[in-house]
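Coordinates as given in query-v9.pdb (PDB, C-alpha atoms):
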```
ATOM      1  CA  MET Q  27      37.861  -5.683  14.774
ATOM      2  CA  SER Q  28      34.217  -4.910  14.110
ATOM      3  CA  HIS Q  29      33.003  -4.111  10.624
ATOM      4  CA  PRO Q  30      30.147  -1.732   9.771
ATOM      5  CA  ILE Q  31      26.901  -3.428   8.795
ATOM      6  CA  GLN Q  32      26.371  -3.098   5.068
ATOM      7  CA  SER Q  33      22.960  -1.955   3.836
ATOM      8  CA  PRO Q  34      21.019  -4.558   1.864
ATOM      9  CA  PHE Q  35      19.838  -1.717  -0.400
ATOM     10  CA  VAL Q  36      21.397   0.357  -3.126
ATOM     11  CA  GLU Q  37      20.054   3.922  -3.166
ATOM     12  CA  ILE Q  38      19.314   5.449  -6.561
ATOM     13  CA  GLU Q  39      18.678   9.182  -6.768
ATOM     14  CA  ARG Q  40      15.582  10.226  -8.675
ATOM     15  CA  ALA Q  41      17.472  11.709 -11.621
ATOM     16  CA  ASP Q  42      19.429   8.478 -12.104
ATOM     17  CA  TRP Q  43      16.288   6.365 -11.674
ATOM     18  CA  ALA Q  44      14.468   8.480 -14.285
ATOM     19  CA  ARG Q  45      17.208   7.716 -16.824
ATOM     20  CA  LEU Q  46      16.183   4.064 -16.730
ATOM     21  CA  ALA Q  47      13.077   4.807 -18.775
ATOM     22  CA  PRO Q  48      13.995   7.310 -21.503
ATOM     23  CA  ARG Q  49      12.196   5.367 -24.249
ATOM     24  CA  MET Q  50       9.106   4.348 -22.318
ATOM     25  CA  PRO Q  51       6.027   6.308 -23.439
ATOM     26  CA  ASN Q  52       3.829   7.459 -20.573
ATOM     27  CA  PRO Q  53       0.533   5.578 -21.029
ATOM     28  CA  LEU Q  54      -1.462   7.800 -18.648
ATOM     29  CA  THR Q  55      -3.132  11.147 -19.215
ATOM     30  CA  GLU Q  56      -3.356  14.116 -16.841
ATOM     31  CA  GLU Q  57      -6.999  13.213 -16.142
ATOM     32  CA  GLU Q  58      -6.117   9.615 -15.277
ATOM     33  CA  VAL Q  59      -3.381  10.767 -12.904
ATOM     34  CA  ARG Q  60      -5.794  13.185 -11.239
ATOM     35  CA  ARG Q  61      -8.269  10.342 -10.757
ATOM     36  CA  LEU Q  62      -5.647   8.040  -9.259
ATOM     37  CA  ARG Q  63      -4.211  10.673  -6.938
ATOM     38  CA  GLY Q  64      -5.215  10.261  -3.279
ATOM     39  CA  THR Q  65      -6.514  13.082  -1.071
ATOM     40  CA  GLY Q  66      -3.574  15.288  -0.119
ATOM     41  CA  ASP Q  67      -1.141  13.628  -2.531
ATOM     42  CA  ARG Q  68       0.672  15.736  -5.120
ATOM     43  CA  LEU Q  69       1.313  13.189  -7.823
ATOM     44  CA  GLU Q  70       2.052  14.772 -11.213
ATOM     45  CA  LEU Q  71       2.371  13.322 -14.696
ATOM     46  CA  ARG Q  72       6.114  14.019 -14.698
ATOM     47  CA  GLU Q  73       6.622  11.894 -11.583
ATOM     48  CA  VAL Q  74       4.662   9.072 -13.184
ATOM     49  CA  ALA Q  75       7.100   9.123 -16.118
ATOM     50  CA  GLU Q  76      10.260   9.529 -14.031
ATOM     51  CA  VAL Q  77       9.513   7.229 -11.086
ATOM     52  CA  TYR Q  78       6.505   4.977 -11.459
ATOM     53  CA  LEU Q  79       6.897   3.978 -15.087
ATOM     54  CA  PRO Q  80      10.394   2.520 -14.569
ATOM     55  CA  LEU Q  81       9.141   0.975 -11.297
ATOM     56  CA  SER Q  82       6.320  -0.762 -13.137
ATOM     57  CA  ARG Q  83       8.792  -2.038 -15.738
ATOM     58  CA  LEU Q  84      11.077  -3.410 -13.031
ATOM     59  CA  VAL Q  85       8.153  -5.170 -11.323
ATOM     60  CA  SER Q  86       6.980  -6.572 -14.662
ATOM     61  CA  LEU Q  87      10.478  -8.014 -15.194
ATOM     62  CA  TYR Q  88      10.293  -9.702 -11.796
ATOM     63  CA  GLN Q  89       6.844 -11.057 -12.695
ATOM     64  CA  GLU Q  90       8.032 -12.361 -16.058
ATOM     65  CA  SER Q  91      11.021 -13.998 -14.373
ATOM     66  CA  ALA Q  92       8.784 -15.651 -11.757
ATOM     67  CA  SER Q  93       6.453 -16.967 -14.494
ATOM     68  CA  ARG Q  94       9.397 -18.358 -16.439
ATOM     69  CA  LEU Q  95      10.793 -20.070 -13.320
ATOM     70  CA  HIS Q  96       7.362 -21.571 -12.615
ATOM     71  CA  ARG Q  97       7.117 -22.978 -16.150
ATOM     72  CA  GLU Q  98      10.645 -24.397 -16.053
ATOM     73  CA  THR Q  99      10.180 -25.932 -12.604
ATOM     74  CA  THR Q 100       6.868 -27.492 -13.624
ATOM     75  CA  SER Q 101       8.515 -28.914 -16.766
ATOM     76  CA  PHE Q 102      11.440 -30.227 -14.732
ATOM     77  CA  LEU Q 103       9.047 -32.034 -12.389
ATOM     78  CA  GLY Q 104       7.066 -33.393 -15.316
ATOM     79  CA  ALA Q 105       3.900 -31.878 -13.867
ATOM     80  CA  THR Q 106       1.147 -29.575 -15.014
ATOM     81  CA  ALA Q 107      -0.067 -26.648 -12.941
ATOM     82  CA  GLN Q 108      -1.876 -23.339 -13.206
ATOM     83  CA  PRO Q 109       0.384 -20.281 -13.331
ATOM     84  CA  THR Q 110       0.884 -18.832  -9.849
ATOM     85  CA  PRO Q 111      -0.353 -15.253  -9.364
ATOM     86  CA  PHE Q 112       2.457 -12.773  -8.712
ATOM     87  CA  VAL Q 113       1.694 -11.016  -5.404
ATOM     88  CA  ILE Q 114       2.967  -7.517  -4.583
ATOM     89  CA  GLY Q 115       2.796  -5.918  -1.133
ATOM     90  CA  VAL Q 116       2.621  -2.136  -0.730
ATOM     91  CA  ALA Q 117       3.190  -0.833   2.818
ATOM     92  CA  GLY Q 118       3.624   2.509   4.567
ATOM     93  CA  SER Q 119       2.068   4.946   6.990
ATOM     94  CA  VAL Q 120      -1.336   6.577   6.957
ATOM     95  CA  ALA Q 121      -1.179   9.665   4.653
ATOM     96  CA  VAL Q 122       2.168   8.733   3.059
ATOM     97  CA  GLY Q 123       0.614   7.943  -0.334
ATOM     98  CA  LYS Q 124       0.745   4.138  -0.434
ATOM     99  CA  SER Q 125      -2.827   3.882  -1.796
ATOM    100  CA  THR Q 126      -1.914   6.187  -4.686
ATOM    101  CA  THR Q 127       1.184   4.076  -5.349
ATOM    102  CA  ALA Q 128      -0.875   0.871  -5.390
ATOM    103  CA  ARG Q 129      -3.575   2.268  -7.703
ATOM    104  CA  LEU Q 130      -0.979   3.721 -10.053
ATOM    105  CA  LEU Q 131       1.028   0.513 -10.159
ATOM    106  CA  LYS Q 132      -2.122  -1.425 -11.027
ATOM    107  CA  GLU Q 133      -2.866   0.878 -13.964
ATOM    108  CA  LEU Q 134       0.691   0.759 -15.287
ATOM    109  CA  LEU Q 135       1.277  -2.978 -14.876
ATOM    110  CA  ARG Q 136      -1.858  -3.941 -16.777
ATOM    111  CA  ARG Q 137      -0.628  -1.963 -19.792
ATOM    112  CA  TRP Q 138       2.607  -3.890 -20.226
ATOM    113  CA  GLU Q 139       3.081  -6.609 -22.827
ATOM    114  CA  GLY Q 140       0.392  -9.268 -22.649
ATOM    115  CA  SER Q 141      -1.997  -6.964 -20.756
ATOM    116  CA  PRO Q 142      -1.821  -8.951 -17.519
ATOM    117  CA  LYS Q 143      -4.918  -9.078 -15.317
ATOM    118  CA  VAL Q 144      -4.110  -7.034 -12.206
ATOM    119  CA  ASP Q 145      -6.275  -6.885  -9.084
ATOM    120  CA  LEU Q 146      -5.840  -4.612  -6.070
ATOM    121  CA  LEU Q 147      -6.838  -5.484  -2.524
ATOM    122  CA  THR Q 148      -6.658  -3.076   0.407
ATOM    123  CA  THR Q 149      -6.337  -4.717   3.810
ATOM    124  CA  ASP Q 150      -8.973  -2.367   5.302
ATOM    125  CA  GLY Q 151     -11.508  -5.069   4.474
ATOM    126  CA  PHE Q 152      -9.807  -7.316   7.011
ATOM    127  CA  LEU Q 153     -10.164  -4.886   9.888
ATOM    128  CA  HIS Q 154     -12.375  -6.353  12.576
ATOM    129  CA  PRO Q 155     -15.878  -4.774  12.491
ATOM    130  CA  ASN Q 156     -16.317  -1.835  14.873
ATOM    131  CA  ARG Q 157     -18.507  -3.882  17.220
ATOM    132  CA  VAL Q 158     -15.645  -6.370  17.656
ATOM    133  CA  LEU Q 159     -13.087  -3.601  18.136
ATOM    134  CA  GLU Q 160     -15.341  -2.003  20.751
ATOM    135  CA  GLU Q 161     -15.794  -5.329  22.567
ATOM    136  CA  ARG Q 162     -12.014  -5.776  22.675
ATOM    137  CA  GLY Q 163     -11.245  -2.159  23.594
ATOM    138  CA  LEU Q 164      -9.406  -1.598  20.305
ATOM    139  CA  MET Q 165     -11.310   1.298  18.699
ATOM    140  CA  GLN Q 166      -8.462   3.654  19.599
ATOM    141  CA  ARG Q 167      -5.986   1.196  18.081
ATOM    142  CA  LYS Q 168      -7.661   0.861  14.694
ATOM    143  CA  GLY Q 169      -4.879   0.237  12.182
ATOM    144  CA  PHE Q 170      -2.587  -1.463  14.704
ATOM    145  CA  PRO Q 171      -1.760  -5.107  13.843
ATOM    146  CA  GLU Q 172      -4.182  -6.507  16.436
ATOM    147  CA  SER Q 173      -7.132  -4.630  14.879
ATOM    148  CA  TYR Q 174      -7.001  -6.878  11.784
ATOM    149  CA  ASP Q 175      -8.220 -10.408  11.244
ATOM    150  CA  ARG Q 176      -4.754 -11.520  10.198
ATOM    151  CA  ARG Q 177      -5.718 -15.169   9.868
ATOM    152  CA  ALA Q 178      -8.485 -14.298   7.381
ATOM    153  CA  LEU Q 179      -6.113 -12.067   5.375
ATOM    154  CA  LEU Q 180      -3.479 -14.797   5.270
ATOM    155  CA  GLY Q 181      -6.126 -17.307   4.177
ATOM    156  CA  PHE Q 182      -7.335 -14.980   1.414
ATOM    157  CA  VAL Q 183      -3.876 -14.412  -0.088
ATOM    158  CA  SER Q 184      -3.009 -18.113   0.304
ATOM    159  CA  ARG Q 185      -6.095 -19.120  -1.695
ATOM    160  CA  VAL Q 186      -5.351 -16.563  -4.422
ATOM    161  CA  LYS Q 187      -1.740 -17.735  -4.540
ATOM    162  CA  SER Q 188      -2.851 -21.361  -4.851
ATOM    163  CA  GLY Q 189      -4.935 -20.535  -7.927
ATOM    164  CA  GLU Q 190      -8.499 -20.883  -6.631
ATOM    165  CA  ALA Q 191     -11.055 -19.820  -9.217
ATOM    166  CA  GLU Q 192     -12.781 -17.287  -6.932
ATOM    167  CA  VAL Q 193     -11.658 -15.834  -3.629
ATOM    168  CA  ARG Q 194     -13.817 -13.362  -1.688
ATOM    169  CA  ALA Q 195     -12.871 -10.629   0.769
ATOM    170  CA  PRO Q 196     -14.909  -8.266   2.970
ATOM    171  CA  VAL Q 197     -15.436  -4.634   1.947
ATOM    172  CA  TYR Q 198     -14.599  -1.648   4.150
ATOM    173  CA  SER Q 199     -16.336   1.729   3.817
ATOM    174  CA  HIS Q 200     -14.393   4.900   4.597
ATOM    175  CA  LEU Q 201     -17.755   6.667   4.645
ATOM    176  CA  THR Q 202     -19.194   4.611   7.508
ATOM    177  CA  TYR Q 203     -15.759   3.764   8.959
ATOM    178  CA  ASP Q 204     -16.732   0.093   9.200
ATOM    179  CA  ILE Q 205     -17.011  -3.213   7.364
ATOM    180  CA  VAL Q 206     -20.022  -3.255   5.023
ATOM    181  CA  PRO Q 207     -22.275  -6.209   5.956
ATOM    182  CA  GLY Q 208     -22.956  -8.550   3.057
ATOM    183  CA  GLU Q 209     -20.609  -6.851   0.576
ATOM    184  CA  GLU Q 210     -17.599  -8.646  -0.869
ATOM    185  CA  VAL Q 211     -14.853  -8.121  -3.403
ATOM    186  CA  VAL Q 212     -14.222 -11.134  -5.641
ATOM    187  CA  VAL Q 213     -10.789 -11.960  -7.046
ATOM    188  CA  ARG Q 214     -10.728 -14.376  -9.987
ATOM    189  CA  ARG Q 215      -7.289 -15.772 -10.837
ATOM    190  CA  PRO Q 216      -5.361 -12.566 -11.547
ATOM    191  CA  ASP Q 217      -1.918 -12.602 -13.109
ATOM    192  CA  ILE Q 218      -0.876 -10.045 -10.499
ATOM    193  CA  LEU Q 219      -2.411  -9.222  -7.111
ATOM    194  CA  ILE Q 220      -1.428  -6.028  -5.278
ATOM    195  CA  VAL Q 221      -2.048  -6.098  -1.515
ATOM    196  CA  GLU Q 222      -1.921  -2.615   0.033
ATOM    197  CA  GLY Q 223      -2.006  -1.830   3.735
ATOM    198  CA  LEU Q 224      -0.303  -0.401   6.796
ATOM    199  CA  ASN Q 225       1.033  -3.643   8.214
ATOM    200  CA  VAL Q 226       1.346  -5.990   5.247
ATOM    201  CA  LEU Q 227       5.092  -6.483   5.827
ATOM    202  CA  GLN Q 228       4.667  -7.625   9.429
ATOM    203  CA  PRO Q 229       6.524 -10.821  10.402
ATOM    204  CA  PRO Q 230       4.445 -13.749  11.677
ATOM    205  CA  PRO Q 231       2.696 -13.019  14.993
ATOM    206  CA  SER Q 232       3.886 -14.912  18.042
ATOM    207  CA  GLY Q 233       2.967 -18.578  17.795
ATOM    208  CA  SER Q 234       2.501 -18.497  14.024
ATOM    209  CA  HIS Q 235       4.810 -19.860  11.354
ATOM    210  CA  LEU Q 236       3.567 -17.856   8.368
ATOM    211  CA  ALA Q 237       2.742 -14.205   7.659
ATOM    212  CA  VAL Q 238       1.030 -12.709   4.632
ATOM    213  CA  SER Q 239       4.348 -11.053   3.741
ATOM    214  CA  ASP Q 240       5.840 -14.528   3.223
ATOM    215  CA  LEU Q 241       3.535 -14.894   0.204
ATOM    216  CA  PHE Q 242       4.738 -11.731  -1.529
ATOM    217  CA  ASP Q 243       6.872 -12.011  -4.653
ATOM    218  CA  PHE Q 244       7.792  -8.320  -4.474
ATOM    219  CA  SER Q 245       7.207  -5.657  -1.839
ATOM    220  CA  ILE Q 246       7.293  -1.854  -1.749
ATOM    221  CA  PHE Q 247       7.520   0.473   1.245
ATOM    222  CA  VAL Q 248       6.525   4.137   0.788
ATOM    223  CA  ASP Q 249       8.700   6.179   3.150
ATOM    224  CA  ALA Q 250       9.147   9.764   4.350
ATOM    225  CA  ARG Q 251      10.252  11.665   7.439
ATOM    226  CA  THR Q 252       7.785  11.112  10.287
ATOM    227  CA  SER Q 253       7.404  14.872  10.839
ATOM    228  CA  ALA Q 254       6.469  15.340   7.170
ATOM    229  CA  ILE Q 255       3.883  12.540   7.275
ATOM    230  CA  ARG Q 256       2.357  14.155  10.376
ATOM    231  CA  GLU Q 257       1.853  17.398   8.435
ATOM    232  CA  TRP Q 258       0.415  15.509   5.470
ATOM    233  CA  TYR Q 259      -2.034  13.776   7.801
ATOM    234  CA  VAL Q 260      -3.225  17.113   9.181
ATOM    235  CA  ASP Q 261      -3.504  18.586   5.673
ATOM    236  CA  ARG Q 262      -5.513  15.551   4.560
ATOM    237  CA  PHE Q 263      -7.855  15.931   7.532
ATOM    238  CA  PHE Q 264      -8.610  19.508   6.410
ATOM    239  CA  ALA Q 265      -9.159  18.346   2.806
ATOM    240  CA  LEU Q 266     -11.599  15.648   3.984
ATOM    241  CA  LYS Q 267     -13.300  18.120   6.322
ATOM    242  CA  ALA Q 268     -14.135  20.236   3.278
ATOM    243  CA  SER Q 269     -15.259  17.274   1.164
ATOM    244  CA  ALA Q 270     -16.087  13.762   2.413
ATOM    245  CA  PHE Q 271     -16.983  14.861   5.953
ATOM    246  CA  GLN Q 272     -19.727  17.093   4.528
ATOM    247  CA  ASP Q 273     -21.767  13.985   3.656
ATOM    248  CA  PRO Q 274     -24.407  13.481   6.395
ATOM    249  CA  GLN Q 275     -23.850   9.716   6.077
ATOM    250  CA  SER Q 276     -20.175  10.069   6.953
ATOM    251  CA  TYR Q 277     -18.972   8.691  10.285
ATOM    252  CA  PHE Q 278     -16.953  11.922  10.559
ATOM    253  CA  HIS Q 279     -19.775  14.313   9.636
ATOM    254  CA  ARG Q 280     -19.614  15.771  13.158
ATOM    255  CA  PHE Q 281     -16.254  17.290  12.223
ATOM    256  CA  ALA Q 282     -17.560  19.095   9.114
ATOM    257  CA  ASP Q 283     -18.294  22.370  10.924
ATOM    258  CA  MET Q 284     -15.407  22.211  13.370
ATOM    259  CA  SER Q 285     -13.333  25.397  13.507
ATOM    260  CA  ASP Q 286      -9.936  25.286  11.833
ATOM    261  CA  ALA Q 287      -8.169  25.698  15.176
ATOM    262  CA  ARG Q 288     -10.056  22.772  16.721
ATOM    263  CA  ALA Q 289      -9.609  20.671  13.586
ATOM    264  CA  ARG Q 290      -5.852  21.205  13.644
ATOM    265  CA  ALA Q 291      -5.616  20.383  17.343
ATOM    266  CA  TYR Q 292      -7.837  17.317  16.964
ATOM    267  CA  SER Q 293      -5.998  15.889  13.936
ATOM    268  CA  GLN Q 294      -2.608  16.459  15.577
ATOM    269  CA  ASP Q 295      -3.823  14.679  18.710
ATOM    270  CA  VAL Q 296      -5.082  11.705  16.667
ATOM    271  CA  TRP Q 297      -1.710  11.480  14.960
ATOM    272  CA  ASP Q 298       0.267  11.793  18.192
ATOM    273  CA  SER Q 299      -1.845   9.247  20.086
ATOM    274  CA  ILE Q 300      -2.670   6.682  17.364
ATOM    275  CA  ASN Q 301      -1.091   6.962  13.919
ATOM    276  CA  GLY Q 302       2.326   8.182  15.032
ATOM    277  CA  PRO Q 303       2.852   5.406  17.608
ATOM    278  CA  ASN Q 304       1.605   2.798  15.118
ATOM    279  CA  LEU Q 305       4.116   4.069  12.557
ATOM    280  CA  VAL Q 306       7.046   4.061  14.974
ATOM    281  CA  GLU Q 307       6.230   0.824  16.789
ATOM    282  CA  HIS Q 308       4.874  -1.382  14.004
ATOM    283  CA  ILE Q 309       5.169   0.048  10.481
ATOM    284  CA  LEU Q 310       8.688   1.521  10.306
ATOM    285  CA  PRO Q 311      10.306  -1.648  11.691
ATOM    286  CA  THR Q 312       9.000  -3.503   8.605
ATOM    287  CA  ARG Q 313      10.744  -1.173   6.146
ATOM    288  CA  PRO Q 314      13.917  -3.334   5.926
ATOM    289  CA  ARG Q 315      11.732  -6.271   4.834
ATOM    290  CA  ALA Q 316      10.752  -4.529   1.590
ATOM    291  CA  ASP Q 317      12.334  -5.204  -1.789
ATOM    292  CA  LEU Q 318      12.073  -1.554  -2.775
ATOM    293  CA  VAL Q 319      11.620   1.673  -0.796
ATOM    294  CA  LEU Q 320      10.188   4.840  -2.349
ATOM    295  CA  ARG Q 321      11.685   7.661  -0.292
ATOM    296  CA  LYS Q 322       9.712  10.911  -0.391
ATOM    297  CA  ALA Q 323      10.866  14.481   0.186
ATOM    298  CA  ASP Q 324       8.906  16.852   2.424
ATOM    299  CA  ASP Q 325       6.930  18.129  -0.592
ATOM    300  CA  HIS Q 326       5.495  14.614  -1.205
ATOM    301  CA  THR Q 327       7.624  13.962  -4.311
ATOM    302  CA  ILE Q 328       9.883  10.921  -4.644
ATOM    303  CA  ARG Q 329      13.516  11.909  -4.073
ATOM    304  CA  SER Q 330      15.203   8.489  -4.269
ATOM    305  CA  VAL Q 331      14.601   4.768  -4.649
ATOM    306  CA  LEU Q 332      16.182   2.085  -2.464
ATOM    307  CA  LEU Q 333      16.382  -1.269  -4.220
ATOM    308  CA  ARG Q 334      17.332  -4.470  -2.431
ATOM    309  CA  LYS Q 335      20.566  -5.860  -3.770
ATOM    310  CA  VAL Q 336      20.131  -9.019  -5.827
TER     311      VAL Q 336
END
```

What is this file in structure tokens?
Amino acid sequence: MSHPIQSPFVEIERADWARLAPRMPNPLTEEEVRRLRGTGDRLELREVAEVYLPLSRLVSLYQESASRLHRETTSFLGATAQPTPFVIGVAGSVAVGKSTTARLLKELLRRWEGSPKVDLLTTDGFLHPNRVLEERGLMQRKGFPESYDRRALLGFVSRVKSGEAEVRAPVYSHLTYDIVPGEEVVVRRPDILIVEGLNVLQPPPSGSHLAVSDLFDFSIFVDARTSAIREWYVDRFFALKASAFQDPQSYFHRFADMSDARARAYSQDVWDSINGPNLVEHILPTRPRADLVLRKADDHTIRSVLLRKV
């Protein structure tokens, strides 16, 4: 007799999740939330209090537990060692709001007891430069796993995790749509490192024994219905068309004066040919690997939280 497969997650509805933080004061202001909110996202102060504040407290408990285990293990071995940075992965589709989640989590975590040093790294900096993507015929697969220098990303997180004094990463410009030559971001022994990107929960590629996700102490997947994300992507394209694309230096400046009808058709085609297939083929299959899933409703608000059973 076969038995149904049990979910590794417990689902907590938003109202029940919000009750976990009735005494936690919201440390952010309306202006700070507006600044952290990504293009097209609808994050409000109330959602910060009801969803992200208890999330940040839960993550801080995991971090405190990991630090305590490190101290006790080091003492047991009779050794001395630097504290190990706590690494958090944040994954999800284009336009789902994962960048907002990562920025918000950084702001909240650094305000908990002890004011931990929190750094945020986006994996865009590990995309291959456009010239390399063009040489390999991958410009139309930008964002797919093979468009990243996965070995360099793994090396970066490994060095941070091992406690190196300074670790450097390339910088990506959304204005020029390419890696910025000569520019770097420097990470100096943070207490917590947040790594945000489309494919950060990928398993090891064929022939490899280790993936960057193996170095995460906690991971979050931002989730929503695919049809809703498609609409959010189109809406975001229109918002960028009226703002960032107006800059003559923008890679996408040629779209600034595009008619609304053409802009809608173009953005839908980009989703259907690139971002949608990447989501279905590569990103969604990594959702079960997360420790926590933020499940969004069609209006972009969090409707429930899935937490991996301990």

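Coordinates place CA of Gln228 in chain Q at a distance of 16.2 Å from CA of Phe182 in chain Q.
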
Write out as a Markdown table a residue-level contact list of range 213-257 of chain Q versus range 144-149 of chain Q with cut-off 10 Å: for each qualifying residue the closest pair of atoms and the distance in Å to one decimal, counting only C-alpha atoms, rows sorted by chain and residue number upward.
```
| residue | atom | partner | partner_atom | distance |
| --- | --- | --- | --- | --- |
| Q:Val213 | CA | Q:Asp145 | CA | 7.1 |
| Q:Arg214 | CA | Q:Asp145 | CA | 8.8 |
| Q:Arg215 | CA | Q:Asp145 | CA | 9.1 |
| Q:Pro216 | CA | Q:Val144 | CA | 5.7 |
| Q:Asp217 | CA | Q:Val144 | CA | 6.1 |
| Q:Ile218 | CA | Q:Val144 | CA | 4.7 |
| Q:Leu219 | CA | Q:Asp145 | CA | 4.9 |
| Q:Ile220 | CA | Q:Leu146 | CA | 4.7 |
| Q:Val221 | CA | Q:Leu147 | CA | 4.9 |
| Q:Glu222 | CA | Q:Thr148 | CA | 4.8 |
| Q:Gly223 | CA | Q:Thr149 | CA | 5.2 |
| Q:Leu224 | CA | Q:Thr149 | CA | 8.0 |
| Q:Asn225 | CA | Q:Thr149 | CA | 8.7 |
| Q:Val226 | CA | Q:Thr149 | CA | 7.9 |
```

Pairwise distance for CA of Glu133 in chain Q and CA of Asn52 in chain Q, rounded to one decimal in Å: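 Computing it gives 11.5 Å between the two atoms.
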
Excluding Met284 in chain Q and any residue of its chain fewer than 2 positions from it, enumerate the residues within 12 Å of it, using only C-alpha atoms, and give them as a PDB file with C-alpha atoms, in the coordinates of the input.
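What ended up in selection.pdb:
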```pdb
ATOM      1  CA  PHE Q 263      -7.855  15.931   7.532  1.00  0.00           C
ATOM      2  CA  PHE Q 264      -8.610  19.508   6.410  1.00  0.00           C
ATOM      3  CA  LYS Q 267     -13.300  18.120   6.322  1.00  0.00           C
ATOM      4  CA  ALA Q 268     -14.135  20.236   3.278  1.00  0.00           C
ATOM      5  CA  PHE Q 271     -16.983  14.861   5.953  1.00  0.00           C
ATOM      6  CA  GLN Q 272     -19.727  17.093   4.528  1.00  0.00           C
ATOM      7  CA  PHE Q 278     -16.953  11.922  10.559  1.00  0.00           C
ATOM      8  CA  HIS Q 279     -19.775  14.313   9.636  1.00  0.00           C
ATOM      9  CA  ARG Q 280     -19.614  15.771  13.158  1.00  0.00           C
ATOM     10  CA  PHE Q 281     -16.254  17.290  12.223  1.00  0.00           C
ATOM     11  CA  ALA Q 282     -17.560  19.095   9.114  1.00  0.00           C
ATOM     12  CA  ASP Q 286      -9.936  25.286  11.833  1.00  0.00           C
ATOM     13  CA  ALA Q 287      -8.169  25.698  15.176  1.00  0.00           C
ATOM     14  CA  ARG Q 288     -10.056  22.772  16.721  1.00  0.00           C
ATOM     15  CA  ALA Q 289      -9.609  20.671  13.586  1.00  0.00           C
ATOM     16  CA  ARG Q 290      -5.852  21.205  13.644  1.00  0.00           C
ATOM     17  CA  ALA Q 291      -5.616  20.383  17.343  1.00  0.00           C
ATOM     18  CA  TYR Q 292      -7.837  17.317  16.964  1.00  0.00           C
ATOM     19  CA  SER Q 293      -5.998  15.889  13.936  1.00  0.00           C
TER      20      SER Q 293
END
```

Care to translate the PyMOL selection byres ((chain Q and resi 89) around 9) into actual residues of this file, as a ChimeraX atom specification? /Q:84-88,90-94,111-113,217-218,243-244

Produce a file of the selected residues containing C-alpha atoms, as a compact mmCIF listing (two decimals), in the frame of the given file.
```txt
# COMPACT_ATOMS: atom_id res chain seq x y z
CA LEU Q 84 11.08 -3.41 -13.03
CA VAL Q 85 8.15 -5.17 -11.32
CA SER Q 86 6.98 -6.57 -14.66
CA LEU Q 87 10.48 -8.01 -15.19
CA TYR Q 88 10.29 -9.70 -11.80
CA GLU Q 90 8.03 -12.36 -16.06
CA SER Q 91 11.02 -14.00 -14.37
CA ALA Q 92 8.78 -15.65 -11.76
CA SER Q 93 6.45 -16.97 -14.49
CA ARG Q 94 9.40 -18.36 -16.44
CA PRO Q 111 -0.35 -15.25 -9.36
CA PHE Q 112 2.46 -12.77 -8.71
CA VAL Q 113 1.69 -11.02 -5.40
CA ASP Q 217 -1.92 -12.60 -13.11
CA ILE Q 218 -0.88 -10.04 -10.50
CA ASP Q 243 6.87 -12.01 -4.65
CA PHE Q 244 7.79 -8.32 -4.47
```

Atomic separation - CA of Leu333 in chain Q relative to CA of Glu37 in chain Q, Å: 6.4 Å

Long-range neighbours of Tyr203 in chain Q as a ChimeraX atom specification, 10 Å cut-off, only C-alpha atoms, 6 positions minimum in chain: /Q:150,155-156,276-278

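If all atoms listed in the file are the atoms counted, then among Q:Pro34, Q:Pro80, Q:Pro231, Q:Pro311 the closest residue to Leu135 in chain Q is Q:Pro80.
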
When the PyMOL selection byres ((chain Q and resi 131) around 9) is applied to the structure above, which residues does it catch, written out as a short mmCIF file (atom, residue, chain, number, x, y, z; two decimals) with C-alpha atoms, keeping the file's coordinate frame?
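The result, stored in expr06.cif:
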```cif
data_model
loop_
_atom_site.label_atom_id
_atom_site.label_comp_id
_atom_site.auth_asym_id
_atom_site.auth_seq_id
_atom_site.Cartn_x
_atom_site.Cartn_y
_atom_site.Cartn_z
CA TYR Q 78 6.50 4.98 -11.46
CA LEU Q 79 6.90 3.98 -15.09
CA LEU Q 81 9.14 0.98 -11.30
CA SER Q 82 6.32 -0.76 -13.14
CA THR Q 126 -1.91 6.19 -4.69
CA THR Q 127 1.18 4.08 -5.35
CA ALA Q 128 -0.88 0.87 -5.39
CA ARG Q 129 -3.58 2.27 -7.70
CA LEU Q 130 -0.98 3.72 -10.05
CA LYS Q 132 -2.12 -1.42 -11.03
CA GLU Q 133 -2.87 0.88 -13.96
CA LEU Q 134 0.69 0.76 -15.29
CA LEU Q 135 1.28 -2.98 -14.88
CA ARG Q 136 -1.86 -3.94 -16.78
CA ILE Q 220 -1.43 -6.03 -5.28
#
```

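With distances restricted to all atoms listed in the file, Q:Val319 is the closest residue to Asp249 in chain Q from Q:Ala44, Q:Leu95, Q:Val77, Q:Val319.
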
Measuring between only C-alpha atoms, which one of Q:Ile246, Q:Val116, Q:Ala316, Q:Ile328 shows the shortest distance to Glu70 in chain Q? Q:Ile328

Could you write out as a list in words the residues that the PyMOL selection byres ((chain Q and resi 323-325) around 9) matches in the shown file?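 Evaluating the PyMOL selection byres ((chain Q and resi 323-325) around 9) on these coordinates yields Arg68, Ala250, Arg251, Ser253, Ala254, Ile255, Arg321, Lys322, His326, Thr327, Ile328, Arg329 and Ser330 of chain Q.
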
Give me a file of those residues, with C-alpha atoms, as an mmCIF file, keeping the file's coordinate frame.
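For reference, result.cif as written:
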```cif
data_model
loop_
_atom_site.group_PDB
_atom_site.id
_atom_site.type_symbol
_atom_site.label_atom_id
_atom_site.label_comp_id
_atom_site.auth_asym_id
_atom_site.auth_seq_id
_atom_site.Cartn_x
_atom_site.Cartn_y
_atom_site.Cartn_z
ATOM 1 C CA ARG Q 68 0.672 15.736 -5.120
ATOM 2 C CA ALA Q 250 9.147 9.764 4.350
ATOM 3 C CA ARG Q 251 10.252 11.665 7.439
ATOM 4 C CA SER Q 253 7.404 14.872 10.839
ATOM 5 C CA ALA Q 254 6.469 15.340 7.170
ATOM 6 C CA ILE Q 255 3.883 12.540 7.275
ATOM 7 C CA ARG Q 321 11.685 7.661 -0.292
ATOM 8 C CA LYS Q 322 9.712 10.911 -0.391
ATOM 9 C CA HIS Q 326 5.495 14.614 -1.205
ATOM 10 C CA THR Q 327 7.624 13.962 -4.311
ATOM 11 C CA ILE Q 328 9.883 10.921 -4.644
ATOM 12 C CA ARG Q 329 13.516 11.909 -4.073
ATOM 13 C CA SER Q 330 15.203 8.489 -4.269
#
```
